[in-house]
Structures are given as C-alpha cells and as structure tokens.
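What follows is a single structure, written as structure tokens, with notes after it.
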Amino acid sequence: MSAHESHHHSAPHSHAHGHGPAAPVSRHLRKVIAAVLIPFAAAVAVGLFVLWPGGAPPHKPSGVGFDQPTETARVVKVAEVNCADVHAEQQPQPPSPTGQPPTGGADKGKPCEQTTIEVTTGENKGRTFQTVVTPDALRHYTTGQEVVVSYSPKAPKDLQYSISDVDRSFPMWLLAAIFAFAVVIVGRLRGLLALVALAASFVVLTLFILPAILQGSNPLVVAVVGGSAIMLIALYLCHGLTARTSVAVLGTLASLLLIALLGSVFIGWALLTGNTDDTTGLVHGLYPDIEIRGLLLAGIIIGSLGVLDDVTVTQTAAVWELKEADPSAGWRKLYGAAMRIGRDHIASVVNTLVLAYAGAALPLLLLFSIAQSSVGTVASSEVVAEEIVRTLVGSIGLVAAVPLTTLLAALVVSADRKERSAPTGDETGAGQMTGAEAGVGAGVTGGVPTSPTGGRQGRRGGRGKRRKQ
C-alpha cells in the first residue's frame with residue numbers, strides 16, 4: 001500500500017472517532033474569530049457599565065392600575081345575600097339588534113355572595129373588609145382562598161382595600177418546577193445550563209433593561225446592549241466557547257442589527273407612536289421621559305432574540321455536521337445542503353412567530369371582527385399596524401439569519417479544513433507511516449497501488465482517492 005493510499009485509507013478510520021463535539025478549528029481561525037468577538041464583548045461590557053441604572057427611579061404612586069401597593073389576603077367567609085339588600089341589583093340589558101333575548105337571564109333571581117376578606121400582610125394585617133360578588137361575575141370565591149388586594153391609603157377606611165386578583169403562586173411555581181424537571185431530565189447537563197442561562201437572561205432583563213428604560217435611556221440602545229449580553233451569556237453557556245458558537249453569535253448579531261434598522265425605518269415611516277394601550281399610557285404618565293416609540297422598537301428586538309438564537313445555532317450545527325459527514329465538501333456544497341435544511345426551518349419559524357403574535361392579539365382581532373371592519377381598515381389602524389410591523393420586521397430578521405449564518409459557517413469550516421488537510425506525523429501516527437513505507441514496493445502495477453491482501457483494499461483506496469479529488 002502506498003503512502004498516499006495509506007493516508008486516504010486511514011482517513012475514514014480517524015473520522016469514525018470524531019463524532020460528538022465539533023473538532024477544534026485552527027489557531028489562525030481562532031485568532032480571526034477572537035479579533036471580532038472580543039471587541040464586541042468589550043463594547044457590550046462598556047455599554048452595561050455606562051448605562052447601568054442602579055434600580056428603577058422612584059415616583060409618586062398614582063394609585064391607578066398596577067401602580068397600587070398590594071397585600072395578600074384570605075377569604076374567611078362567603079354568605080349568600082339578596083342582591084337588593086346589598087344594593088347590587090343587576091341592571092336590565094337592552095335586547096340585542098338581532099332580536100335575541102338579553103344575556104344574563106339565567107342569573108336573574110340568583111342570590112349575591114357577600115365575601116369577607118382578611119388582610120394577612122402589611123401594616124393593617126388582620127383587618128377585614130367585605131365585598132359583594134354578583135351572580136354574573138366571572139370570578140367567585142371560596143372560604144380559605146388566597147387573594148391579592150389593592151391598598152388605597154387616601155380612600156375612606158372601609159374602601160381602602162379591594163380584591164385585585166387571586167393568589168396563583170402555587171400553581172405557577174409548580175408549573176415552573178415541572179418545566180425545569182423536564183428540561184433537566186431530557187437535556188441533562190445542557191438542559192441544566194439552559195436553565196442557568198434563562199435565569200441570567202431574566203436578571204439582565206429585570207436589573208438592566210427595564211430600569212435603564214425607566215431612567216430615560218434610549219430604549220433602542222438599551223435593547224441592543226442588553227440583548228447582546230443575553231445572547232453572549234446564553235449561547236456560550238449552553239453551547240461552549242467554540243468556533244461553532246462564535247459563528248452563531250456573529251450571525252445573531254448581524255440579524256439583530258438588521259431588525260433594528262428595519263424596525264426604526266418602518267416605525268417612523270408608518271407614524272407609529274407605540275402608545276396603543278392603557279398600560280403603555282400609564283407607564284408614560286408615570287415616567288414622561290420614556291421614549292414610547294423607542295420602547296416599541298426595543299420590544300421588537302428582544303422578542304426576536306430568542307428565536308434568532310435557535311435559528312443561528314441550528315444552521316451552524318448543520319454546516320459543521322455536514323462537513324464531518326463529507327470532509328471533501330467545499331463551502332459551496334456545504335452552503336447548498338445547509339440551506340435546504342434552513343428553508344424548512346424558515347417555514348416553521350415564521351409561521352410560529354406570526355401565530356404567536358396573532359394569539360397574543362386575539363381579543364383585539366375579535367373586536368375588529370365584531371365591528372365588521374374591512375381588512376384594509378383593520379390593518380391600517382395603529383394598534384394592528386403595530387403588531388404587523390412587529391411581526392414582519394422580526395420575520396425578515398429570522399429569514400435573513402439563515403443565509404447569513406449558513407454562509408459564514410460554511411466559509412469558516414471550509415477554510416479551517418483546508419489548513420488541516422495536509423497529513424502530519426501526529427495525524428497519521430508513526431506506525432502508519434512505517435507500514436506505508438514498507439508497502440510502497442509491495443504492489444504497484446502500472447502506477448496503480450494495490451494491497452498485499454487483495455484487490456478489495458486497493459479498490460477502497462481508489463474510492464478514497466477519487467473522493468478527495
């Protein structure tokens with residue numbers, strides 16, 4: 001067996017032990033990737049330091065909506081009473097335009113419920129108050145149920161407390177525990193690291209992004225810096241400090257910049273204000289320095305980040321695995337094969353994103369359907385146009401992330417393999433070189449190398465030689 005044939009015949013053997021983590025890239029490519037990512041990470045760190053808010057700014061409580069102090073309480077008694085006795089008569093409803101009987105007829109004549117609530121936290125712990133629940137109310141209470149009450153200190157004593165919500169802490173924590181258990185059982189160490197990354201993302205969101213926006217910093221800059229920090233933490237923590245992860249980071253960064261650019265252009269072009277609901281209006285009333293339009297753009301960027309990570313990591317992993325399966329493939333072949341995977345990914349991800357936004361805005365869409373407005377009227381209204389811009393800008397960024405990340409990964413992995421393609425003493429092994437040298441004279445017929453053990457090995461070598469070409 002010739003030295004050339006020995007090298008090609010041993011290549012499949014060495015590849016058979018290369019499955020699992022991606023093979024390390026060359027030192028030159030590591031330097032190139034580090035030269036790009038280290039300044040980027042340093043810029044993110046500087047941005048975090050400069051924009052760090054140090055907590056949300058204080059404000060004078062308005063006592064409206066979410067801007068009310070709350071305490072926990074418990075239902076201690078539920079008694080049936082006559083609605084007329086507690087001045088809670090149901091108002092008669094006019095008949096519907098279609099001639100249908102008014103709603104609520106089934107509840108007519110039913111008794112009301114007088115609920116006694118005891119405050120269990122705060123300076124007025126132990127105080128009780130009563131509230132009346134009408135038969136047509138969507139929520140009824142039972143004795144022993146935990147609730148959340150709002151406190152208005154300036155109101156008369158009997159009206160200072162009112163039920164604002166039920167206490168659903170236990171089912172929410174239980175669901176979170178089931179989620180964490182499922183992630184760790186299936187994902188094992190990767191799943192555990194994903195949960196750590198999720199916690200870190202939540203810390204960045206609550207300790208940096210939200211307070212910095214409330215302090216009056218530019219929401220776009222805050223979203224880019226905070227989103228980049230989340231991206232770096234999540235990707236490197238879950239997937240390791242590898243060239244594969246670095247390529248995914250670069251692809252995600254390029255797509256985020258595209259989303260920021262498109263979002264800024266179309267939010268301004270469509271004259272969107274971002275102030276389309278009561279919550280946004282309340283926030284702007286409490287903190288007038290907040291740029292609401294920038295807040296809309298920041299929401300688009302942060303909302304797209306999670307799906308972008310999924311797309312870029314998947315495409316980068318696909319390119320690396322394709323190269324491992326076919327080491328002779330050039331960057332063009334890798335790009336074409338990975339893009340066939342990416343097109344399927346695009347179709348599913350875009351559909352997922354659109355349905356997610358549509359599901360969140362479903363009550364709004366129902367209102368427009370009830371009003372029998374035309375599609376054009378609905379789409380051009382600001383509250384719907386805002387969701388359309390949010391969805392389409394994010395989807396364009398996702399679509400662009402596939403070819404950008406795939407091309408970058410194909411170029412990186414192909415350039416790396418070219419540098420590593422030449423056989424060295426470390427790669428072939430001393431014993432293999434000695435065997436090859438001994439086989440040079442063992443069988444060469446007409447310039448075609450043969451094997452001492454028969455023609456089958458020679459044919460394998462021939463196939464390996466043609467594959468390398």
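We name chains A, B, ... following the order of the structure tokens; residues begin at 1 in each chain, and ligands are numbered from 1 as shown.
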Fewer than 4 positions away in the same chain doesn't count, so skip those; otherwise give me all residues within 12 Å of Leu214 of chain A, counting only C-alpha atoms, as a PDB file with N, CA and C atoms, in the first residue's frame.
ATOM      1  N   LEU A  51     -24.537  52.376  31.026  1.00  0.00           N
ATOM      2  CA  LEU A  51     -25.989  52.526  31.101  1.00  0.00           C
ATOM      3  C   LEU A  51     -26.603  51.884  32.338  1.00  0.00           C
ATOM      4  N   TRP A  52     -25.784  51.268  33.192  1.00  0.00           N
ATOM      5  CA  TRP A  52     -26.351  50.557  34.343  1.00  0.00           C
ATOM      6  C   TRP A  52     -27.173  51.515  35.194  1.00  0.00           C
ATOM      7  N   PRO A  53     -28.441  51.203  35.432  1.00  0.00           N
ATOM      8  CA  PRO A  53     -29.325  52.184  36.066  1.00  0.00           C
ATOM      9  C   PRO A  53     -29.244  52.228  37.582  1.00  0.00           C
ATOM     10  N   GLY A  54     -28.870  51.123  38.209  1.00  0.00           N
ATOM     11  CA  GLY A  54     -28.853  51.103  39.665  1.00  0.00           C
ATOM     12  C   GLY A  54     -30.231  51.034  40.282  1.00  0.00           C
ATOM     13  N   GLY A  55     -31.184  50.472  39.568  1.00  0.00           N
ATOM     14  CA  GLY A  55     -32.543  50.346  40.098  1.00  0.00           C
ATOM     15  C   GLY A  55     -33.499  51.293  39.405  1.00  0.00           C
ATOM     16  N   ALA A  56     -34.784  50.984  39.522  1.00  0.00           N
ATOM     17  CA  ALA A  56     -35.809  51.834  38.912  1.00  0.00           C
ATOM     18  C   ALA A  56     -35.906  53.154  39.663  1.00  0.00           C
ATOM     19  N   PRO A  57     -36.132  54.252  38.962  1.00  0.00           N
ATOM     20  CA  PRO A  57     -36.230  55.555  39.632  1.00  0.00           C
ATOM     21  C   PRO A  57     -37.497  55.641  40.467  1.00  0.00           C
ATOM     22  N   PRO A  58     -37.447  56.365  41.586  1.00  0.00           N
ATOM     23  CA  PRO A  58     -38.660  56.495  42.417  1.00  0.00           C
ATOM     24  C   PRO A  58     -39.687  57.392  41.744  1.00  0.00           C
ATOM     25  N   HIS A  59     -40.947  57.196  42.093  1.00  0.00           N
ATOM     26  CA  HIS A  59     -42.010  58.042  41.557  1.00  0.00           C
ATOM     27  C   HIS A  59     -43.133  58.111  42.587  1.00  0.00           C
ATOM     28  N   THR A 206     -34.442  42.247  34.150  1.00  0.00           N
ATOM     29  CA  THR A 206     -35.057  42.947  35.279  1.00  0.00           C
ATOM     30  C   THR A 206     -34.124  43.947  35.959  1.00  0.00           C
ATOM     31  N   LEU A 207     -32.816  43.685  35.939  1.00  0.00           N
ATOM     32  CA  LEU A 207     -31.882  44.573  36.628  1.00  0.00           C
ATOM     33  C   LEU A 207     -31.239  45.603  35.710  1.00  0.00           C
ATOM     34  N   PHE A 208     -31.289  45.371  34.389  1.00  0.00           N
ATOM     35  CA  PHE A 208     -30.661  46.335  33.476  1.00  0.00           C
ATOM     36  C   PHE A 208     -31.647  46.945  32.485  1.00  0.00           C
ATOM     37  N   ILE A 209     -32.284  46.106  31.665  1.00  0.00           N
ATOM     38  CA  ILE A 209     -33.071  46.639  30.557  1.00  0.00           C
ATOM     39  C   ILE A 209     -34.250  47.477  31.063  1.00  0.00           C
ATOM     40  N   LEU A 210     -35.066  46.908  31.932  1.00  0.00           N
ATOM     41  CA  LEU A 210     -36.263  47.628  32.389  1.00  0.00           C
ATOM     42  C   LEU A 210     -35.921  48.878  33.200  1.00  0.00           C
ATOM     43  N   ASN A 218     -32.013  55.708  26.068  1.00  0.00           N
ATOM     44  CA  ASN A 218     -32.586  55.374  24.772  1.00  0.00           C
ATOM     45  C   ASN A 218     -32.968  53.895  24.743  1.00  0.00           C
ATOM     46  N   PRO A 219     -34.259  53.568  24.554  1.00  0.00           N
ATOM     47  CA  PRO A 219     -34.664  52.156  24.597  1.00  0.00           C
ATOM     48  C   PRO A 219     -33.979  51.296  23.547  1.00  0.00           C
ATOM     49  N   VAL A 222     -30.461  50.541  24.795  1.00  0.00           N
ATOM     50  CA  VAL A 222     -30.572  49.626  25.932  1.00  0.00           C
ATOM     51  C   VAL A 222     -30.917  48.213  25.453  1.00  0.00           C
ATOM     52  N   VAL A 283     -47.556  53.893  31.936  1.00  0.00           N
ATOM     53  CA  VAL A 283     -46.100  53.974  32.088  1.00  0.00           C
ATOM     54  C   VAL A 283     -45.600  55.345  31.644  1.00  0.00           C
ATOM     55  N   HIS A 284     -46.109  55.823  30.521  1.00  0.00           N
ATOM     56  CA  HIS A 284     -45.674  57.130  30.021  1.00  0.00           C
ATOM     57  C   HIS A 284     -46.115  58.252  30.954  1.00  0.00           C
ATOM     58  N   GLY A 285     -47.303  58.086  31.591  1.00  0.00           N
ATOM     59  CA  GLY A 285     -47.753  59.096  32.534  1.00  0.00           C
ATOM     60  C   GLY A 285     -46.886  59.154  33.784  1.00  0.00           C
ATOM     61  N   LEU A 286     -46.426  57.983  34.240  1.00  0.00           N
ATOM     62  CA  LEU A 286     -45.586  57.936  35.434  1.00  0.00           C
ATOM     63  C   LEU A 286     -44.153  58.369  35.137  1.00  0.00           C
ATOM     64  N   TYR A 287     -43.663  58.038  33.932  1.00  0.00           N
ATOM     65  CA  TYR A 287     -42.295  58.374  33.535  1.00  0.00           C
ATOM     66  C   TYR A 287     -42.337  59.089  32.186  1.00  0.00           C
ATOM     67  N   PRO A 288     -42.583  60.392  32.188  1.00  0.00           N
ATOM     68  CA  PRO A 288     -42.732  61.122  30.911  1.00  0.00           C
ATOM     69  C   PRO A 288     -41.480  61.126  30.043  1.00  0.00           C
ATOM     70  N   ASP A 289     -40.315  60.866  30.642  1.00  0.00           N
ATOM     71  CA  ASP A 289     -39.069  60.902  29.861  1.00  0.00           C
ATOM     72  C   ASP A 289     -38.881  59.671  28.983  1.00  0.00           C
ATOM     73  N   ILE A 290     -39.699  58.641  29.161  1.00  0.00           N
ATOM     74  CA  ILE A 290     -39.551  57.426  28.356  1.00  0.00           C
ATOM     75  C   ILE A 290     -39.961  57.707  26.919  1.00  0.00           C
ATOM     76  N   GLU A 291     -39.138  57.250  25.993  1.00  0.00           N
ATOM     77  CA  GLU A 291     -39.450  57.382  24.564  1.00  0.00           C
ATOM     78  C   GLU A 291     -40.294  56.173  24.152  1.00  0.00           C
ATOM     79  N   ILE A 292     -41.590  56.379  24.030  1.00  0.00           N
ATOM     80  CA  ILE A 292     -42.506  55.267  23.785  1.00  0.00           C
ATOM     81  C   ILE A 292     -42.242  54.609  22.443  1.00  0.00           C
ATOM     82  N   LEU A 295     -39.479  52.385  22.819  1.00  0.00           N
ATOM     83  CA  LEU A 295     -39.884  51.217  23.591  1.00  0.00           C
ATOM     84  C   LEU A 295     -40.489  50.143  22.689  1.00  0.00           C
TER      85      LEU A 295
END
Legend entry - Selection: 12 Å around Val183 of chain A, only C-alpha atoms, excl. self and same-chain fewer than 3 positions, as JSON, numbers by chain: {"A": [176, 177, 178, 179, 180, 186, 187, 188, 189, 190, 191, 192, 193, 194, 195, 196, 198]}
Legend entry - Non-local contacts of Ser169 of chain A (12 Å; only C-alpha atoms; under 4 positions in same chain excluded) as an NGL selection string: :A and (72 or 146-148 or 165 or 173-176)
Output file for the selection above: all heavy atoms, as a PDB file, in the first residue's frame:
ATOM      1  N   THR A  72     -51.352  40.520  50.488  1.00  0.00           N
ATOM      2  CA  THR A  72     -52.042  39.229  50.368  1.00  0.00           C
ATOM      3  C   THR A  72     -53.153  39.170  51.408  1.00  0.00           C
ATOM      4  O   THR A  72     -53.081  39.807  52.467  1.00  0.00           O
ATOM      5  CB  THR A  72     -51.072  38.057  50.569  1.00  0.00           C
ATOM      6  OG1 THR A  72     -50.481  38.155  51.860  1.00  0.00           O
ATOM      7  CG2 THR A  72     -49.989  38.070  49.499  1.00  0.00           C
ATOM      8  N   GLU A 146     -56.779  32.144  48.871  1.00  0.00           N
ATOM      9  CA  GLU A 146     -55.829  33.255  48.965  1.00  0.00           C
ATOM     10  C   GLU A 146     -56.074  34.221  47.807  1.00  0.00           C
ATOM     11  O   GLU A 146     -56.265  33.804  46.656  1.00  0.00           O
ATOM     12  CB  GLU A 146     -54.387  32.735  48.912  1.00  0.00           C
ATOM     13  CG  GLU A 146     -54.027  31.744  50.005  1.00  0.00           C
ATOM     14  CD  GLU A 146     -53.901  32.409  51.368  1.00  0.00           C
ATOM     15  OE1 GLU A 146     -53.650  33.628  51.406  1.00  0.00           O
ATOM     16  OE2 GLU A 146     -54.075  31.711  52.391  1.00  0.00           O
ATOM     17  N   VAL A 147     -56.069  35.533  48.127  1.00  0.00           N
ATOM     18  CA  VAL A 147     -56.299  36.562  47.112  1.00  0.00           C
ATOM     19  C   VAL A 147     -55.274  37.669  47.284  1.00  0.00           C
ATOM     20  O   VAL A 147     -54.560  37.741  48.297  1.00  0.00           O
ATOM     21  CB  VAL A 147     -57.728  37.143  47.209  1.00  0.00           C
ATOM     22  CG1 VAL A 147     -58.771  36.088  46.884  1.00  0.00           C
ATOM     23  CG2 VAL A 147     -57.974  37.756  48.584  1.00  0.00           C
ATOM     24  N   VAL A 148     -55.209  38.530  46.272  1.00  0.00           N
ATOM     25  CA  VAL A 148     -54.360  39.724  46.308  1.00  0.00           C
ATOM     26  C   VAL A 148     -55.280  40.937  46.381  1.00  0.00           C
ATOM     27  O   VAL A 148     -56.236  41.033  45.603  1.00  0.00           O
ATOM     28  CB  VAL A 148     -53.458  39.802  45.059  1.00  0.00           C
ATOM     29  CG1 VAL A 148     -52.604  41.069  45.088  1.00  0.00           C
ATOM     30  CG2 VAL A 148     -52.571  38.577  44.965  1.00  0.00           C
ATOM     31  N   ASP A 165     -56.908  40.512  42.488  1.00  0.00           N
ATOM     32  CA  ASP A 165     -56.594  39.268  41.772  1.00  0.00           C
ATOM     33  C   ASP A 165     -56.605  38.119  42.774  1.00  0.00           C
ATOM     34  O   ASP A 165     -56.705  38.328  43.983  1.00  0.00           O
ATOM     35  CB  ASP A 165     -55.224  39.376  41.095  1.00  0.00           C
ATOM     36  CG  ASP A 165     -55.097  38.484  39.876  1.00  0.00           C
ATOM     37  OD1 ASP A 165     -55.949  37.595  39.707  1.00  0.00           O
ATOM     38  OD2 ASP A 165     -54.154  38.677  39.087  1.00  0.00           O
ATOM     39  N   TRP A 173     -45.569  28.209  40.486  1.00  0.00           N
ATOM     40  CA  TRP A 173     -44.294  27.617  40.897  1.00  0.00           C
ATOM     41  C   TRP A 173     -44.253  26.126  40.586  1.00  0.00           C
ATOM     42  O   TRP A 173     -43.200  25.590  40.212  1.00  0.00           O
ATOM     43  CB  TRP A 173     -44.068  27.844  42.393  1.00  0.00           C
ATOM     44  CG  TRP A 173     -43.564  29.218  42.723  1.00  0.00           C
ATOM     45  CD1 TRP A 173     -44.229  30.214  43.373  1.00  0.00           C
ATOM     46  CD2 TRP A 173     -42.273  29.747  42.407  1.00  0.00           C
ATOM     47  NE1 TRP A 173     -43.445  31.339  43.477  1.00  0.00           N
ATOM     48  CE2 TRP A 173     -42.229  31.067  42.899  1.00  0.00           C
ATOM     49  CE3 TRP A 173     -41.153  29.234  41.766  1.00  0.00           C
ATOM     50  CZ2 TRP A 173     -41.108  31.889  42.758  1.00  0.00           C
ATOM     51  CZ3 TRP A 173     -40.029  30.054  41.621  1.00  0.00           C
ATOM     52  CH2 TRP A 173     -40.020  31.355  42.114  1.00  0.00           C
ATOM     53  N   LEU A 174     -45.375  25.453  40.733  1.00  0.00           N
ATOM     54  CA  LEU A 174     -45.421  24.032  40.399  1.00  0.00           C
ATOM     55  C   LEU A 174     -45.175  23.812  38.915  1.00  0.00           C
ATOM     56  O   LEU A 174     -44.414  22.914  38.519  1.00  0.00           O
ATOM     57  CB  LEU A 174     -46.773  23.452  40.805  1.00  0.00           C
ATOM     58  CG  LEU A 174     -46.982  21.960  40.494  1.00  0.00           C
ATOM     59  CD1 LEU A 174     -45.948  21.116  41.223  1.00  0.00           C
ATOM     60  CD2 LEU A 174     -48.402  21.522  40.848  1.00  0.00           C
ATOM     61  N   LEU A 175     -45.792  24.633  38.076  1.00  0.00           N
ATOM     62  CA  LEU A 175     -45.565  24.518  36.632  1.00  0.00           C
ATOM     63  C   LEU A 175     -44.108  24.799  36.287  1.00  0.00           C
ATOM     64  O   LEU A 175     -43.514  24.110  35.441  1.00  0.00           O
ATOM     65  CB  LEU A 175     -46.493  25.485  35.891  1.00  0.00           C
ATOM     66  CG  LEU A 175     -46.391  25.490  34.368  1.00  0.00           C
ATOM     67  CD1 LEU A 175     -46.728  24.117  33.800  1.00  0.00           C
ATOM     68  CD2 LEU A 175     -47.317  26.553  33.776  1.00  0.00           C
ATOM     69  N   ALA A 176     -43.507  25.803  36.935  1.00  0.00           N
ATOM     70  CA  ALA A 176     -42.095  26.105  36.696  1.00  0.00           C
ATOM     71  C   ALA A 176     -41.208  24.936  37.104  1.00  0.00           C
ATOM     72  O   ALA A 176     -40.229  24.604  36.425  1.00  0.00           O
ATOM     73  CB  ALA A 176     -41.694  27.367  37.457  1.00  0.00           C
TER      74      ALA A 176
END
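For the choices A:Leu250, A:Leu138, A:Met231, A:Val204, the atom-to-atom distance to Ala34 of chain A is smallest for A:Leu250 when using only C-alpha atoms.
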Legend entry - Near-segment 300-306 of chain A list (8 Å; only C-alpha atoms; drop same-chain fewer than 5 positions) as JSON, numbers by chain: {"A": [223, 224, 227, 231, 252, 256, 259, 260, 263, 390, 393, 394, 398]}
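The space between atom CA of Lys323 of chain A and atom CA of Ser395 of chain A spans 28.4 Å.
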